[in-house]
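Undergrad: Hey, dropping my_file30.txt in here, compact mmCIF, C-alpha atoms:
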# COMPACT_ATOMS: atom_id res chain seq x y z
CA MET M 1 24.47 -5.96 -17.98
CA VAL M 2 23.28 -2.40 -17.55
CA ALA M 3 23.61 -2.85 -13.80
CA SER M 4 27.12 -4.27 -14.11
CA TYR M 5 28.36 -1.48 -16.34
CA THR M 6 26.88 1.28 -14.22
CA GLN M 7 28.53 -0.35 -11.21
CA LEU M 8 31.81 -0.47 -13.09
CA LEU M 9 31.40 3.23 -13.89
CA ALA M 10 30.79 3.93 -10.22
CA GLU M 11 33.75 1.88 -9.06
CA ARG M 12 36.17 3.46 -11.46
CA TYR M 13 35.01 7.06 -11.63
CA GLN M 14 33.22 7.84 -8.35
CA GLY M 15 34.92 10.89 -6.86
CA LYS M 16 36.95 11.61 -9.99
CA LEU M 17 34.35 13.71 -11.77
CA ASP M 18 32.18 16.34 -10.12
CA ALA M 19 29.40 16.03 -7.54
CA ASP M 20 26.67 16.00 -10.21
CA ALA M 21 28.36 13.11 -11.99
CA ASP M 22 28.59 11.13 -8.74
CA GLU M 23 24.91 11.71 -8.14
CA PHE M 24 23.94 10.70 -11.68
CA ILE M 25 26.02 7.52 -11.45
CA ALA M 26 24.43 6.65 -8.10
CA PHE M 27 20.93 7.07 -9.57
CA ALA M 28 21.89 4.94 -12.56
CA VAL M 29 23.31 2.13 -10.40
CA GLU M 30 20.28 2.17 -8.14
CA GLY M 31 17.83 2.40 -11.04
CA ALA M 32 19.38 -0.53 -12.88
CA GLN M 33 19.31 -2.68 -9.75
CA ARG M 34 15.72 -1.76 -9.04
CA MET M 35 14.76 -2.63 -12.60
CA GLN M 36 16.38 -6.06 -12.27
CA LYS M 37 14.55 -6.71 -9.04
CA LEU M 38 11.29 -5.51 -10.58
CA ILE M 39 11.61 -7.81 -13.58
CA HIS M 40 12.48 -10.72 -11.31
CA ASP M 41 9.50 -10.10 -9.01
CA LEU M 42 7.09 -9.56 -11.89
CA LEU M 43 8.18 -12.83 -13.48
CA THR M 44 7.62 -14.62 -10.17
CA TYR M 45 4.19 -13.05 -9.89
CA SER M 46 3.16 -13.95 -13.41
CA ARG M 47 4.48 -17.52 -13.13
CA LEU M 48 2.16 -18.19 -10.21
CA GLY M 49 -0.64 -18.41 -12.72
CA THR M 50 1.13 -20.59 -15.27
CA ARG M 51 3.77 -22.78 -13.67
CA ARG M 52 1.76 -24.83 -11.25
CA GLU M 53 2.88 -27.96 -9.51
CA GLU M 54 0.44 -30.52 -8.19
CA PHE M 55 -0.24 -30.19 -4.49
CA LYS M 56 1.68 -32.86 -2.59
CA PRO M 57 2.20 -33.57 1.09
CA THR M 58 4.78 -30.92 1.95
CA GLU M 59 6.77 -30.63 5.14
CA CYS M 60 6.49 -26.99 6.10
CA GLY M 61 9.69 -27.24 8.13
CA GLN M 62 11.57 -28.17 4.98
CA ALA M 63 9.93 -25.42 2.94
CA LEU M 64 10.89 -22.92 5.62
CA GLY M 65 14.42 -24.34 5.69
CA ARG M 66 14.80 -23.75 1.96
CA ALA M 67 13.43 -20.22 2.36
CA LEU M 68 15.98 -19.50 5.07
CA GLN M 69 18.74 -20.86 2.87
CA ASN M 70 17.69 -18.46 0.12
CA LEU M 71 17.75 -15.65 2.66
CA ALA M 72 21.08 -16.68 4.19
CA ALA M 73 22.89 -13.55 3.01
CA SER M 74 20.37 -11.10 4.44
CA ILE M 75 20.00 -13.10 7.66
CA GLU M 76 23.73 -13.01 8.13
CA GLU M 77 24.02 -9.35 7.24
CA SER M 78 21.27 -8.28 9.65
CA ARG M 79 22.37 -10.86 12.28
CA ALA M 80 18.70 -11.83 12.49
CA SER M 81 17.64 -14.74 14.64
CA VAL M 82 14.91 -16.81 13.02
CA THR M 83 13.31 -19.49 15.18
CA HIS M 84 10.36 -21.78 14.67
CA ASP M 85 8.10 -24.24 16.43
CA PRO M 86 7.46 -27.70 15.00
CA LEU M 87 5.61 -27.22 11.73
CA PRO M 88 3.06 -29.58 10.15
CA THR M 89 2.88 -31.32 6.81
CA VAL M 90 0.20 -29.91 4.53
CA MET M 91 -1.02 -30.44 0.97
CA ALA M 92 0.79 -27.72 -0.94
CA ASP M 93 2.93 -26.67 -3.85
CA GLY M 94 6.32 -26.94 -2.16
CA SER M 95 8.14 -24.29 -4.14
CA GLN M 96 5.31 -21.81 -3.63
CA LEU M 97 5.28 -22.52 0.08
CA THR M 98 9.02 -21.81 0.15
CA GLN M 99 8.41 -18.57 -1.71
CA LEU M 100 5.68 -17.63 0.79
CA PHE M 101 7.88 -18.19 3.85
CA GLN M 102 10.72 -16.41 2.10
CA ASN M 103 8.62 -13.30 1.41
CA LEU M 104 7.21 -13.09 4.92
CA VAL M 105 10.50 -13.74 6.71
CA SER M 106 12.38 -11.34 4.48
CA ASN M 107 9.81 -8.61 5.26
CA ALA M 108 10.09 -9.39 8.97
CA ILE M 109 13.85 -8.85 8.72
CA LYS M 110 13.60 -5.78 6.50
CA PHE M 111 11.13 -4.00 8.76
CA GLY M 112 12.78 -5.03 12.03
CA ASP M 113 13.73 -1.98 14.01
CA GLN M 114 15.78 -3.70 16.65
CA GLN M 115 19.23 -4.92 15.95
CA PRO M 116 19.39 -7.79 15.42
CA PRO M 117 15.81 -8.62 14.29
CA ARG M 118 14.03 -11.59 15.85
CA VAL M 119 11.54 -13.59 13.81
CA HIS M 120 9.48 -16.54 14.98
CA ILE M 121 7.38 -18.92 12.89
CA SER M 122 4.68 -21.12 14.40
CA ALA M 123 1.59 -23.07 13.39
CA GLU M 124 -1.62 -23.84 15.17
CA ARG M 125 -4.35 -26.28 14.20
CA ASN M 126 -7.93 -25.16 14.58
CA ASP M 127 -10.54 -27.52 13.20
CA ALA M 128 -10.15 -27.83 9.48
CA GLU M 129 -7.18 -25.57 8.95
CA TRP M 130 -3.70 -24.66 10.04
CA THR M 131 -2.93 -21.07 10.93
CA PHE M 132 0.70 -20.12 10.43
CA SER M 133 2.23 -17.07 12.11
CA VAL M 134 5.37 -15.17 11.18
CA GLN M 135 6.05 -12.83 14.04
CA ASP M 136 8.54 -9.98 14.19
CA HIS M 137 9.37 -7.17 16.62
CA GLY M 138 9.82 -4.53 13.98
CA ILE M 139 8.27 -1.18 13.15
CA GLY M 140 4.73 -2.56 12.84
CA ILE M 141 2.00 -1.57 10.41
CA ASP M 142 -0.87 0.86 10.79
CA ALA M 143 -4.18 -1.08 10.76
CA GLN M 144 -5.60 1.29 8.11
CA TYR M 145 -3.36 -0.45 5.57
CA ALA M 146 -4.84 -3.91 6.25
CA ASP M 147 -6.06 -4.42 2.68
CA ARG M 148 -3.83 -2.13 0.69
CA ILE M 149 -0.65 -3.82 1.77
CA PHE M 150 -1.51 -6.96 -0.25
CA VAL M 151 -2.20 -5.07 -3.48
CA ILE M 152 0.55 -5.19 -6.09
CA PHE M 153 2.92 -2.17 -6.17
CA GLN M 154 1.53 -0.75 -2.94
CA ARG M 155 4.27 0.51 -0.70
CA LEU M 156 4.08 2.23 2.65
CA HIS M 157 7.55 3.72 2.79
CA PRO M 158 9.75 5.83 0.53
CA ARG M 159 12.17 3.57 -1.27
CA ASN M 160 15.24 5.21 0.20
CA GLU M 161 14.03 4.10 3.65
CA TYR M 162 12.88 0.58 2.85
CA PRO M 163 13.67 -0.66 -0.64
CA GLY M 164 11.34 -3.02 -2.48
CA THR M 165 9.13 -3.40 -5.50
CA GLY M 166 5.79 -3.69 -3.73
CA ILE M 167 5.17 -7.13 -5.22
CA GLY M 168 6.16 -9.48 -2.37
CA LEU M 169 2.92 -9.47 -0.42
CA ALA M 170 0.84 -9.60 -3.61
CA ILE M 171 2.74 -12.79 -4.47
CA SER M 172 2.15 -14.10 -0.94
CA LYS M 173 -1.57 -13.45 -1.16
CA LYS M 174 -1.83 -15.15 -4.53
CA ILE M 175 0.00 -18.21 -3.18
CA VAL M 176 -2.19 -18.45 -0.08
CA GLU M 177 -5.38 -18.08 -2.10
CA ARG M 178 -4.24 -20.76 -4.50
CA HIS M 179 -4.02 -22.99 -1.45
CA ARG M 180 -7.58 -22.02 -0.44
CA GLY M 181 -6.32 -20.04 2.53
CA ARG M 182 -6.48 -16.48 3.85
CA ILE M 183 -3.70 -14.06 4.74
CA TRP M 184 -3.73 -11.04 7.07
CA PHE M 185 -1.65 -9.29 9.67
CA GLU M 186 -2.01 -8.28 13.29
CA SER M 187 0.05 -5.35 14.39
CA GLU M 188 0.43 -2.23 16.46
CA LEU M 189 2.62 0.57 15.17
CA GLY M 190 6.04 0.26 16.76
CA GLU M 191 5.18 -3.07 18.35
CA GLY M 192 6.04 -5.45 15.55
CA ALA M 193 3.75 -7.35 13.23
CA THR M 194 2.52 -10.91 12.92
CA PHE M 195 1.56 -12.12 9.48
CA LYS M 196 -0.86 -15.01 9.56
CA PHE M 197 -2.07 -17.32 6.86
CA THR M 198 -4.19 -20.43 6.79
CA ILE M 199 -3.90 -23.65 4.82
CA PRO M 200 -6.63 -26.29 4.93
CA ALA M 201 -5.69 -29.31 7.00
CA ASP M 202 -7.57 -31.84 4.89
CA GLY M 203 -5.50 -34.60 3.38
CA VAL M 204 -2.55 -34.72 5.72
CA THR M 205 -2.47 -33.89 9.38
CA THR M 206 0.82 -35.08 10.79
CA TRP M 207 3.23 -33.06 12.85
CA GLN M 208 6.77 -32.98 11.66
CA GLU M 209 9.02 -33.02 14.69
CA HIS M 210 12.47 -31.45 14.56
CA MET B 1 6.01 29.82 -9.51
CA GLN B 2 5.73 27.49 -6.54
CA ILE B 3 5.52 23.90 -7.71
CA LEU B 4 4.70 20.96 -5.48
CA LEU B 5 6.29 17.79 -6.83
CA VAL B 6 4.87 14.58 -5.37
CA GLU B 7 7.22 11.81 -6.43
CA ASP B 8 8.77 8.94 -4.51
CA ASN B 9 11.74 8.28 -6.76
CA PRO B 10 14.63 10.65 -5.93
CA GLY B 11 16.08 9.93 -9.38
CA ASP B 12 12.97 11.34 -11.04
CA VAL B 13 13.02 14.33 -8.71
CA ARG B 14 16.54 15.10 -9.80
CA LEU B 15 15.55 14.76 -13.47
CA THR B 16 12.65 17.15 -12.94
CA ARG B 17 14.98 19.67 -11.33
CA GLU B 18 17.27 19.29 -14.35
CA ALA B 19 14.40 20.37 -16.56
CA TRP B 20 14.55 23.92 -15.25
CA ARG B 21 18.08 24.19 -13.95
CA ASP B 22 18.61 27.39 -15.93
CA ASP B 23 15.26 28.85 -14.98
CA HIS B 24 15.25 30.31 -11.50
CA THR B 25 11.67 31.54 -11.49
CA ASN B 26 10.32 28.17 -10.42
CA HIS B 27 10.62 26.98 -6.87
CA LEU B 28 10.21 23.29 -6.16
CA ILE B 29 8.72 21.78 -3.02
CA TRP B 30 9.20 18.01 -2.91
CA THR B 31 7.19 15.44 -0.97
CA ALA B 32 7.88 11.73 -1.38
CA ASP B 33 4.45 10.28 -0.62
CA GLY B 34 0.75 11.11 -0.65
CA VAL B 35 0.37 11.64 3.09
CA GLU B 36 3.24 14.15 3.11
CA ALA B 37 1.79 15.90 0.05
CA LEU B 38 -1.55 16.47 1.76
CA ALA B 39 0.16 17.55 4.99
CA CYS B 40 2.07 20.09 2.92
CA LEU B 41 -1.08 21.33 1.18
CA HIS B 42 -2.89 21.64 4.51
CA ARG B 43 0.21 23.21 6.08
CA GLU B 44 0.33 20.68 8.88
CA GLY B 45 3.27 19.92 11.15
CA LYS B 46 6.62 20.68 9.56
CA TYR B 47 4.81 22.21 6.61
CA ALA B 48 3.25 25.02 8.72
CA ASP B 49 5.16 27.61 6.72
CA ALA B 50 4.96 25.87 3.35
CA PRO B 51 3.93 28.18 0.50
CA ARG B 52 0.69 27.39 -1.29
CA PRO B 53 1.73 25.82 -4.59
CA ASP B 54 0.60 27.32 -7.90
CA LEU B 55 0.91 23.94 -9.59
CA ILE B 56 1.06 20.32 -8.48
CA LEU B 57 3.02 17.67 -10.35
CA LEU B 58 1.66 14.36 -9.12
CA ASP B 59 2.97 10.83 -9.60
CA LEU B 60 0.43 8.01 -9.24
CA SER B 61 2.28 5.20 -7.49
CA LEU B 62 3.22 6.61 -4.13
CA PRO B 63 3.80 5.04 -0.73
CA ARG B 64 1.06 5.19 1.92
CA LYS B 65 -1.49 7.19 -0.06
CA ASP B 66 -1.38 6.86 -3.81
CA GLY B 67 -1.74 9.63 -6.35
CA ARG B 68 -5.37 8.84 -7.16
CA GLU B 69 -6.38 9.35 -3.55
CA VAL B 70 -4.33 12.51 -3.24
CA LEU B 71 -5.96 13.85 -6.40
CA ALA B 72 -9.46 12.96 -5.16
CA GLU B 73 -8.85 14.75 -1.85
CA ILE B 74 -7.44 17.84 -3.52
CA LYS B 75 -10.35 18.11 -5.93
CA GLN B 76 -12.95 17.64 -3.18
CA ASP B 77 -11.42 20.38 -1.07
CA PRO B 78 -12.80 23.85 -1.89
CA GLU B 79 -9.56 25.40 -0.62
CA LEU B 80 -7.34 23.33 -2.87
CA ARG B 81 -9.30 22.28 -5.89
CA ARG B 82 -8.39 25.27 -8.04
CA ILE B 83 -4.71 24.41 -7.96
CA PRO B 84 -3.95 22.77 -11.32
CA VAL B 85 -2.85 19.16 -10.92
CA VAL B 86 -0.67 17.66 -13.63
CA VAL B 87 -0.52 13.91 -13.23
CA ILE B 88 2.81 12.68 -14.55
CA THR B 89 3.29 8.95 -14.34
CA SER B 90 4.90 5.98 -16.03
CA SER B 91 1.42 4.50 -16.58
CA ASP B 92 -0.24 4.72 -19.97
CA ALA B 93 -3.17 2.47 -18.98
CA GLU B 94 -6.50 3.63 -20.34
CA LYS B 95 -8.09 2.81 -17.01
CA ASP B 96 -5.74 5.21 -15.22
CA ILE B 97 -6.28 7.97 -17.76
CA ASP B 98 -10.07 7.65 -17.47
CA LYS B 99 -10.02 7.57 -13.72
CA ILE B 100 -7.66 10.51 -13.46
CA TYR B 101 -9.85 12.77 -15.60
CA ASN B 102 -12.95 11.63 -13.72
CA LEU B 103 -11.19 12.82 -10.59
CA HIS B 104 -10.77 16.23 -12.27
CA ALA B 105 -7.05 16.19 -12.94
CA ASN B 106 -6.05 19.12 -15.14
CA CYS B 107 -3.99 16.88 -17.35
CA PHE B 108 -2.48 13.44 -17.64
CA ILE B 109 1.05 13.00 -18.93
CA THR B 110 2.81 9.70 -19.50
CA LYS B 111 6.39 10.15 -18.33
CA PRO B 112 8.60 9.94 -21.42
CA LEU B 113 11.44 7.45 -21.11
CA ASP B 114 13.77 9.54 -23.24
CA LEU B 115 15.59 12.28 -21.33
CA GLU B 116 15.36 15.00 -23.94
CA ARG B 117 11.65 14.35 -24.34
CA PHE B 118 11.14 14.22 -20.58
CA VAL B 119 12.79 17.62 -20.10
CA LEU B 120 10.77 19.07 -22.98
CA VAL B 121 7.49 17.71 -21.61
CA VAL B 122 8.09 18.96 -18.06
CA LYS B 123 9.19 22.38 -19.33
CA THR B 124 6.21 22.62 -21.65
CA ALA B 125 3.68 21.57 -19.03
CA VAL B 126 5.07 23.92 -16.39
CA GLY B 127 5.52 26.66 -19.00
CA PHE B 128 1.88 26.39 -19.98
CA TRP B 129 0.60 26.87 -16.43
CA SER B 130 3.13 29.57 -15.56
CA GLY B 131 3.26 31.54 -18.78
CA ILE B 132 0.19 30.91 -20.91
CA ALA B 133 -2.74 30.05 -18.66
CA THR B 134 -4.20 32.66 -16.37
CA LEU B 135 -4.70 31.21 -12.92
CA PRO B 136 -7.31 32.37 -10.40
CA LEU B 137 -6.16 34.56 -7.57
CA GLN B 138 -5.60 32.52 -4.44
What do you get writing this file as structure tokens?
TA:
Amino acid sequence: MVASYTQLLAERYQGKLDADADEFIAFAVEGAQRMQKLIHDLLTYSRLGTRREEFKPTECGQALGRALQNLAASIEESRASVTHDPLPTVMADGSQLTQLFQNLVSNAIKFGDQQPPRVHISAERNDAEWTFSVQDHGIGIDAQYADRIFVIFQRLHPRNEYPGTGIGLAISKKIVERHRGRIWFESELGEGATFKFTIPADGVTTWQEH
Amino acid sequence: MQILLVEDNPGDVRLTREAWRDDHTNHLIWTADGVEALACLHREGKYADAPRPDLILLDLSLPRKDGREVLAEIKQDPELRRIPVVVITSSDAEKDIDKIYNLHANCFITKPLDLERFVLVVKTAVGFWSGIATLPLQ
């Protein structure tokens, strides 16, 4: 409600008061929106510990599909092209897997520096685990931030350049670890980044063709 | 007084400026993350002509290099460690307070949520270092 009313203030009075007032209203609108996003992300993060579903055979292609549906607005807005190889079925918590793909793809779009961003998702089986890759051609990440980037509230950019709460990758890490996997990235500054995570392949091992 | 404000939220920067809008003796230098703050203190790159600050107002959660690391580097540097560092942050966690004093911060302030109180606290903190305390010569 705070966000709605500050937006209403902005809509109706922007440009009708003085420059200070416009600036204050803009900060209020932005602050209220950021607070909403923060509460939302914190709730998601805290629920990971409490609201757990049993692991079931989960088609990763479907989980990714749901993630892309949730991201439809930002994909359309950025005219991103998101492609993927055939993805396997694994033992997982389906809604968490969706959340994981959603976080990684949305970062790949956010930090894309070409217009439109291109994102590709693939999976490779090596022995006892699947390694998933979410590859972008964006701004890339300095290797010195390899660990920090997964810590909650850690951000690498001022929020006026790339908005965000700094919770997304912490959520991703928690999800992957709950699935007994690992998460990391490979990147060169300016050359894009590939986020990789593993999920054990025990239980189910079938390919899901599309 | 030259004040270096290290704060990533432009809204908070504006609020801090509001605190001394009628007082023109303070000059604010603003950097939005820890890496920029240290570049400014070491007068690197675009900060080659930056004045040496008399006081540093430091937020803790900053992009790239967080406030704890910035503080640690300042206090380990013989050239910089005498500059008073006022940590001003939304945190009130005991762990942060402990850590910050162990890193030799000159004081820890929890950012008040109320505007009037915020302005009072910033004015008082800056007023103490500019008007009451005697600082070493650079």
Undergrad: Can you tell me how far CA of Ile3 (chain B) sits from CA of Leu57 (chain B), in Å to one decimal?
TA: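 Atom-to-atom, CA of Ile3 (chain B) to CA of Leu57 (chain B), that is 7.2 Å.
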Undergrad: From the options B:Arg64, B:Lys46, B:Arg117, B:His24, which residue's atoms come nearest to chain M, counting only C-alpha atoms?
TA: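 Going through B:Arg64, B:Lys46, B:Arg117, B:His24 one by one, the smallest distance to chain M is for B:Arg64.
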Undergrad: May I ask you to extract the residues of chain B within 9 Å of chain M, using only C-alpha atoms, and to give them as a list in words?
TA: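 Therefore, the residues near the partner are Asp8, Asn9, Pro10, Gly11, Arg14, Ala32, Asp33, Ser61, Leu62, Pro63, Arg64, Lys65 and Asp66 of chain B.
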Undergrad: Please indicate the distance in Å from CA of Gly181 (chain M) to CA of Leu64 (chain M), rounded to one decimal place.
TA: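 We find that CA of Gly181 (chain M) and CA of Leu64 (chain M) lie 17.7 Å from each other.
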Undergrad: So how many Å separate CA of Pro84 (chain B) and CA of Ala125 (chain B), to one decimal?
TA: 10.9 Å
Undergrad: Would you kindly return, as a list in words, each protein, DNA or RNA residue with an atom no farther than 12 Å from any atom of Gln36 (chain M), considering all atoms listed in the file and excluding same-chain residues fewer than 3 positions away?
TA: Met1, Val2, Ala3, Ser4, Val29, Glu30, Gly31, Ala32, Gln33, Ile39, His40, Asp41, Leu42, Leu43, Gly164 and Thr165 of chain M
Undergrad: Rank nothing, just name the residue among M:Ile175, M:Leu9, M:Leu17, M:Ile199 nearest to Asn126 (chain M), using all atoms listed in the file.
TA: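 Of M:Ile175, M:Leu9, M:Leu17, M:Ile199, the one nearest Asn126 (chain M), counting all atoms listed in the file, is M:Ile199.
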Undergrad: Would you list the contacts of region 183-188 of chain M as a ChimeraX atom specification, taking every protein, DNA or RNA residue within 7 Å and counting all atoms listed in the file, but skipping same-chain residues closer than 6 positions in sequence?
TA: /M:140-142,173,176,194-198
Undergrad: Could you check which of M:Thr83, M:Thr89, M:Thr44, M:Gln99 is closest to Ser172 (chain M), using all atoms listed in the file?
TA: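 Checking each of M:Thr83, M:Thr89, M:Thr44, M:Gln99 against Ser172 (chain M), counting all atoms listed in the file, the winner is M:Gln99.
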Undergrad: From the set B:Thr31, B:Ser130, B:Asn106, B:Ser90, which residue has the shortest atom-to-atom contact distance to Val6 (chain B), counting all atoms listed in the file?
TA: B:Thr31
Undergrad: Using only C-alpha atoms, which of the listed residues (M:Arg125, M:Gln102, M:Gln115, M:Lys37) sits closest to Ala72 (chain M)?
TA: M:Gln102
Undergrad: Of the residues B:Val87, B:Val126, B:Ile109, B:Leu4, which is the one nearest to Ile56 (chain B), using only C-alpha atoms?
TA: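 The shortest atom-to-atom distance to Ile56 (chain B) comes from B:Leu4.
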Undergrad: Name the residues in contact with Ser106 (chain M) at a cut-off of 12 Å, using all atoms listed in the file, excluding same-chain residues fewer than 3 positions from it; report them as a VMD selection string.
TA: chain M and resid 64 67 to 75 78 80 to 82 98 to 103 109 to 112 117 to 119 134 to 136 138 163 to 164 168 to 169 172 195
Undergrad: For region 140-166 of chain M, supply N, CA and C atoms and report the output as a PDB file, in the frame of the given file.
TA:
ATOM      1  N   GLY M 140       6.187  -2.422  12.817  1.00  0.00           N
ATOM      2  CA  GLY M 140       4.730  -2.560  12.840  1.00  0.00           C
ATOM      3  C   GLY M 140       4.061  -1.878  11.663  1.00  0.00           C
ATOM      4  N   ILE M 141       2.743  -2.113  11.547  1.00  0.00           N
ATOM      5  CA  ILE M 141       2.000  -1.570  10.410  1.00  0.00           C
ATOM      6  C   ILE M 141       0.695  -0.966  10.930  1.00  0.00           C
ATOM      7  N   ASP M 142       0.378   0.204  10.443  1.00  0.00           N
ATOM      8  CA  ASP M 142      -0.870   0.860  10.790  1.00  0.00           C
ATOM      9  C   ASP M 142      -2.044   0.015  10.264  1.00  0.00           C
ATOM     10  N   ALA M 143      -3.049  -0.212  11.133  1.00  0.00           N
ATOM     11  CA  ALA M 143      -4.180  -1.080  10.760  1.00  0.00           C
ATOM     12  C   ALA M 143      -4.932  -0.555   9.535  1.00  0.00           C
ATOM     13  N   GLN M 144      -4.858   0.746   9.271  1.00  0.00           N
ATOM     14  CA  GLN M 144      -5.600   1.290   8.110  1.00  0.00           C
ATOM     15  C   GLN M 144      -5.087   0.717   6.784  1.00  0.00           C
ATOM     16  N   TYR M 145      -3.894   0.095   6.812  1.00  0.00           N
ATOM     17  CA  TYR M 145      -3.360  -0.450   5.570  1.00  0.00           C
ATOM     18  C   TYR M 145      -3.633  -1.939   5.410  1.00  0.00           C
ATOM     19  N   ALA M 146      -4.591  -2.461   6.207  1.00  0.00           N
ATOM     20  CA  ALA M 146      -4.840  -3.910   6.250  1.00  0.00           C
ATOM     21  C   ALA M 146      -5.058  -4.524   4.870  1.00  0.00           C
ATOM     22  N   ASP M 147      -5.778  -3.848   3.999  1.00  0.00           N
ATOM     23  CA  ASP M 147      -6.060  -4.420   2.680  1.00  0.00           C
ATOM     24  C   ASP M 147      -5.020  -3.984   1.656  1.00  0.00           C
ATOM     25  N   ARG M 148      -4.697  -2.708   1.720  1.00  0.00           N
ATOM     26  CA  ARG M 148      -3.830  -2.130   0.690  1.00  0.00           C
ATOM     27  C   ARG M 148      -2.486  -2.830   0.579  1.00  0.00           C
ATOM     28  N   ILE M 149      -2.003  -3.284   1.724  1.00  0.00           N
ATOM     29  CA  ILE M 149      -0.650  -3.820   1.770  1.00  0.00           C
ATOM     30  C   ILE M 149      -0.481  -5.051   0.863  1.00  0.00           C
ATOM     31  N   PHE M 150      -1.597  -5.746   0.572  1.00  0.00           N
ATOM     32  CA  PHE M 150      -1.510  -6.960  -0.250  1.00  0.00           C
ATOM     33  C   PHE M 150      -1.741  -6.672  -1.739  1.00  0.00           C
ATOM     34  N   VAL M 151      -1.962  -5.423  -2.084  1.00  0.00           N
ATOM     35  CA  VAL M 151      -2.200  -5.070  -3.480  1.00  0.00           C
ATOM     36  C   VAL M 151      -0.861  -4.813  -4.171  1.00  0.00           C
ATOM     37  N   ILE M 152      -0.730  -5.297  -5.385  1.00  0.00           N
ATOM     38  CA  ILE M 152       0.550  -5.190  -6.090  1.00  0.00           C
ATOM     39  C   ILE M 152       0.979  -3.721  -6.235  1.00  0.00           C
ATOM     40  N   PHE M 153       2.261  -3.482  -6.060  1.00  0.00           N
ATOM     41  CA  PHE M 153       2.920  -2.170  -6.170  1.00  0.00           C
ATOM     42  C   PHE M 153       2.610  -1.214  -5.036  1.00  0.00           C
ATOM     43  N   GLN M 154       1.826  -1.660  -4.048  1.00  0.00           N
ATOM     44  CA  GLN M 154       1.530  -0.750  -2.940  1.00  0.00           C
ATOM     45  C   GLN M 154       2.696  -0.765  -1.963  1.00  0.00           C
ATOM     46  N   ARG M 155       3.177   0.408  -1.648  1.00  0.00           N
ATOM     47  CA  ARG M 155       4.270   0.510  -0.700  1.00  0.00           C
ATOM     48  C   ARG M 155       3.910   1.525   0.368  1.00  0.00           C
ATOM     49  N   LEU M 156       4.424   1.318   1.569  1.00  0.00           N
ATOM     50  CA  LEU M 156       4.080   2.230   2.650  1.00  0.00           C
ATOM     51  C   LEU M 156       5.230   3.157   3.033  1.00  0.00           C
ATOM     52  N   HIS M 157       6.378   2.942   2.396  1.00  0.00           N
ATOM     53  CA  HIS M 157       7.550   3.720   2.790  1.00  0.00           C
ATOM     54  C   HIS M 157       8.294   4.202   1.542  1.00  0.00           C
ATOM     55  N   PRO M 158       8.913   5.384   1.639  1.00  0.00           N
ATOM     56  CA  PRO M 158       9.750   5.830   0.530  1.00  0.00           C
ATOM     57  C   PRO M 158      10.859   4.815   0.277  1.00  0.00           C
ATOM     58  N   ARG M 159      11.242   4.658  -0.990  1.00  0.00           N
ATOM     59  CA  ARG M 159      12.170   3.570  -1.270  1.00  0.00           C
ATOM     60  C   ARG M 159      13.567   3.780  -0.722  1.00  0.00           C
ATOM     61  N   ASN M 160      13.916   5.042  -0.402  1.00  0.00           N
ATOM     62  CA  ASN M 160      15.240   5.210   0.200  1.00  0.00           C
ATOM     63  C   ASN M 160      15.257   4.754   1.655  1.00  0.00           C
ATOM     64  N   GLU M 161      14.066   4.608   2.276  1.00  0.00           N
ATOM     65  CA  GLU M 161      14.030   4.100   3.650  1.00  0.00           C
ATOM     66  C   GLU M 161      13.971   2.578   3.676  1.00  0.00           C
ATOM     67  N   TYR M 162      13.013   2.035   2.941  1.00  0.00           N
ATOM     68  CA  TYR M 162      12.880   0.580   2.850  1.00  0.00           C
ATOM     69  C   TYR M 162      12.730   0.221   1.388  1.00  0.00           C
ATOM     70  N   PRO M 163      13.766  -0.360   0.778  1.00  0.00           N
ATOM     71  CA  PRO M 163      13.670  -0.660  -0.640  1.00  0.00           C
ATOM     72  C   PRO M 163      12.698  -1.806  -0.907  1.00  0.00           C
ATOM     73  N   GLY M 164      12.231  -1.917  -2.131  1.00  0.00           N
ATOM     74  CA  GLY M 164      11.340  -3.020  -2.480  1.00  0.00           C
ATOM     75  C   GLY M 164      10.455  -2.633  -3.643  1.00  0.00           C
ATOM     76  N   THR M 165       9.918  -3.658  -4.301  1.00  0.00           N
ATOM     77  CA  THR M 165       9.130  -3.400  -5.500  1.00  0.00           C
ATOM     78  C   THR M 165       7.643  -3.307  -5.223  1.00  0.00           C
ATOM     79  N   GLY M 166       7.220  -3.696  -4.024  1.00  0.00           N
ATOM     80  CA  GLY M 166       5.790  -3.690  -3.730  1.00  0.00           C
ATOM     81  C   GLY M 166       5.065  -4.879  -4.334  1.00  0.00           C
TER      82      GLY M 166
END
